[in-house]
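A.B. asks: This is the structure, below, for whatever I ask next.
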Amino acid sequence: MKAVRITDIARAAEVSTATVSHALNGTGRMSDSTRRRVRETAALLGYASRGGRPRTRTLGLAVNTYRTVAWNFLDVAYYAQAVAVATAVAHRHGYALSVLPSATGGGQALDLDGVLLIDAPAEDPLTEALRGSGTPVVFVGRPVDARTGDIWVGGDHTAAVRSVLDHLTGEGARRIALIAGPGTDSYTRDCLAAYHAWCAAHGQEPVAVPLVPGRGSDSAAHSLLARPDRPDAVYGIYNSSGRSLLDAARHHGLRVPEDLLVACMSEDPAYATTDPPVTTLTLDPRAGLETAVGALVAAVESRGLHIPVTVPHRLTVRRSTQRERARGQEDRGVPRR
């Protein structure tokens, strides 16, 4: 006999999956009649509470797809690596892994043993539904509304952004712009806050350009480089930013790195072969997901408490930000690329 799922109860009771989870767990705001109706529907369908239900041996993974709505999120190296590592680690622990449609929906997540949420945005209905249902959750990236008891694994984005900006300054940059936002996840917010704080401390006027939904980094890159007061360095916090900036620089007749320094956040090894190779910041999804899946399995199996874990970042410096090297080559009579 097929197990009754939360989505089945929601459909029968004509309410949302979040309402079902809150009604069954005695949480959330609703009328007594609604709570009673949901519970009666669950009983009629033969639903067993989470505590009495056998495990499915399946974990879920959901990605905040806001930044990738224009393409398959698996085309982004960070997410592709995250899914691959999470799947392998889950299998090693004896669990299957289901990649869910989005971090902003998908009632099927409530029927899994536990869920990994990557870059969960503010006011995320799936996050609230999982919390209300008592389903074990591990956040990859600090939750915006972190609560006591939350388990999360993520990078120190403040330190990461500072490391990039300090490197660009060391290579002679005096007007550094940022491609970041909009977005309500902690990654975007933390990067923007770190950039503004760094600019204030260094006496620089901040120039932060958000992505236009549906147009990606290309529009942001062109708008930056078309400014009369264009920056002499740009850091893009997204995987596509580096290529967009190289293309925009060529379009506007700018040389990289002589006229413009370019850096971006990416796990894509292909940036080592672009012209010129692009400096990248890696957030190490392999280490992060290895830790996150282990913490989720421990939470599912009630094997102790886990505290937030910070994954170190790494800056790989390449030709696109080595202005001083380019100047040295010119002094020695080495032709510009």
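Ordering of the structure tokens sets the chain letters (A, B, ...), residue numbers begin anew at 1 in every chain, and ligands are numbered from 1 in the order given.
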Residues near region 78-82 of chain A, anyone? I mean within 9 Å using only C-alpha atoms, not counting same-chain ones fewer than 6 positions away, as a PDB file with N, CA, C and O atoms, in the first residue's frame.
C.D. replies:
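Wrote it out as out.pdb, contents follow:
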ATOM      1  N   VAL A  63      17.683  24.086  -4.322  1.00  0.00           N
ATOM      2  CA  VAL A  63      18.529  25.242  -4.628  1.00  0.00           C
ATOM      3  C   VAL A  63      17.653  26.469  -4.823  1.00  0.00           C
ATOM      4  O   VAL A  63      16.604  26.401  -5.471  1.00  0.00           O
ATOM      5  N   ILE A 118      20.135  25.003  -0.248  1.00  0.00           N
ATOM      6  CA  ILE A 118      21.266  25.812  -0.689  1.00  0.00           C
ATOM      7  C   ILE A 118      20.798  27.233  -0.979  1.00  0.00           C
ATOM      8  O   ILE A 118      19.889  27.454  -1.782  1.00  0.00           O
ATOM      9  N   ASN A 239      28.977  33.185 -11.147  1.00  0.00           N
ATOM     10  CA  ASN A 239      29.773  32.347 -12.025  1.00  0.00           C
ATOM     11  C   ASN A 239      29.952  32.949 -13.416  1.00  0.00           C
ATOM     12  O   ASN A 239      31.017  32.842 -14.030  1.00  0.00           O
ATOM     13  N   SER A 266      33.746  31.775  -8.879  1.00  0.00           N
ATOM     14  CA  SER A 266      33.415  30.645  -9.741  1.00  0.00           C
ATOM     15  C   SER A 266      34.223  29.428  -9.355  1.00  0.00           C
ATOM     16  O   SER A 266      35.353  29.537  -8.883  1.00  0.00           O
ATOM     17  N   GLU A 267      33.624  28.272  -9.580  1.00  0.00           N
ATOM     18  CA  GLU A 267      34.314  26.996  -9.422  1.00  0.00           C
ATOM     19  C   GLU A 267      34.690  26.411 -10.789  1.00  0.00           C
ATOM     20  O   GLU A 267      35.174  25.284 -10.874  1.00  0.00           O
ATOM     21  N   ASP A 268      34.447  27.173 -11.850  1.00  0.00           N
ATOM     22  CA  ASP A 268      34.614  26.664 -13.208  1.00  0.00           C
ATOM     23  C   ASP A 268      36.093  26.658 -13.603  1.00  0.00           C
ATOM     24  O   ASP A 268      36.718  27.713 -13.731  1.00  0.00           O
ATOM     25  N   THR A 282      36.942  30.759  -5.044  1.00  0.00           N
ATOM     26  CA  THR A 282      36.175  29.525  -4.895  1.00  0.00           C
ATOM     27  C   THR A 282      35.631  29.417  -3.483  1.00  0.00           C
ATOM     28  O   THR A 282      36.307  29.768  -2.519  1.00  0.00           O
ATOM     29  N   LEU A 283      34.390  28.947  -3.386  1.00  0.00           N
ATOM     30  CA  LEU A 283      33.732  28.741  -2.089  1.00  0.00           C
ATOM     31  C   LEU A 283      33.783  27.274  -1.677  1.00  0.00           C
ATOM     32  O   LEU A 283      33.180  26.885  -0.682  1.00  0.00           O
ATOM     33  N   ASP A 284      34.483  26.471  -2.457  1.00  0.00           N
ATOM     34  CA  ASP A 284      34.732  25.054  -2.150  1.00  0.00           C
ATOM     35  C   ASP A 284      33.466  24.270  -1.834  1.00  0.00           C
ATOM     36  O   ASP A 284      33.258  23.805  -0.705  1.00  0.00           O
ATOM     37  N   PRO A 285      32.585  24.091  -2.831  1.00  0.00           N
ATOM     38  CA  PRO A 285      31.359  23.315  -2.587  1.00  0.00           C
ATOM     39  C   PRO A 285      31.633  21.864  -2.203  1.00  0.00           C
ATOM     40  O   PRO A 285      30.815  21.237  -1.535  1.00  0.00           O
ATOM     41  N   ARG A 286      32.773  21.331  -2.616  1.00  0.00           N
ATOM     42  CA  ARG A 286      33.075  19.933  -2.282  1.00  0.00           C
ATOM     43  C   ARG A 286      33.204  19.761  -0.773  1.00  0.00           C
ATOM     44  O   ARG A 286      32.574  18.876  -0.169  1.00  0.00           O
ATOM     45  N   GLY A 288      32.150  21.889   1.503  1.00  0.00           N
ATOM     46  CA  GLY A 288      30.910  22.318   2.134  1.00  0.00           C
ATOM     47  C   GLY A 288      29.827  21.263   2.108  1.00  0.00           C
ATOM     48  O   GLY A 288      29.179  20.988   3.127  1.00  0.00           O
ATOM     49  N   LEU A 289      29.627  20.631   0.960  1.00  0.00           N
ATOM     50  CA  LEU A 289      28.566  19.619   0.847  1.00  0.00           C
ATOM     51  C   LEU A 289      28.935  18.338   1.555  1.00  0.00           C
ATOM     52  O   LEU A 289      28.060  17.636   2.078  1.00  0.00           O
ATOM     53  N   GLU A 290      30.214  17.998   1.576  1.00  0.00           N
ATOM     54  CA  GLU A 290      30.651  16.825   2.337  1.00  0.00           C
ATOM     55  C   GLU A 290      30.255  16.988   3.804  1.00  0.00           C
ATOM     56  O   GLU A 290      29.693  16.086   4.429  1.00  0.00           O
TER      57      GLU A 290
END
A.B. asks: Considering only strand (DSSP E) as DSSP defines it on the backbone, what residues of region 221-321 of chain A qualify? List them as a PyMOL selection string.
C.D. replies: chain A and resi 233-236+261-265+279-282+309-311+314-316
A.B. asks: Just want the 10 Å neighbourhood of Gly242 (chain A), counted on only C-alpha atoms, with same-chain residues fewer than 4 positions away dropped. Output as a PyMOL selection string.
C.D. replies: chain A and resi 217-218+221+234-238+246-248+262-266+271+274+277-280+320
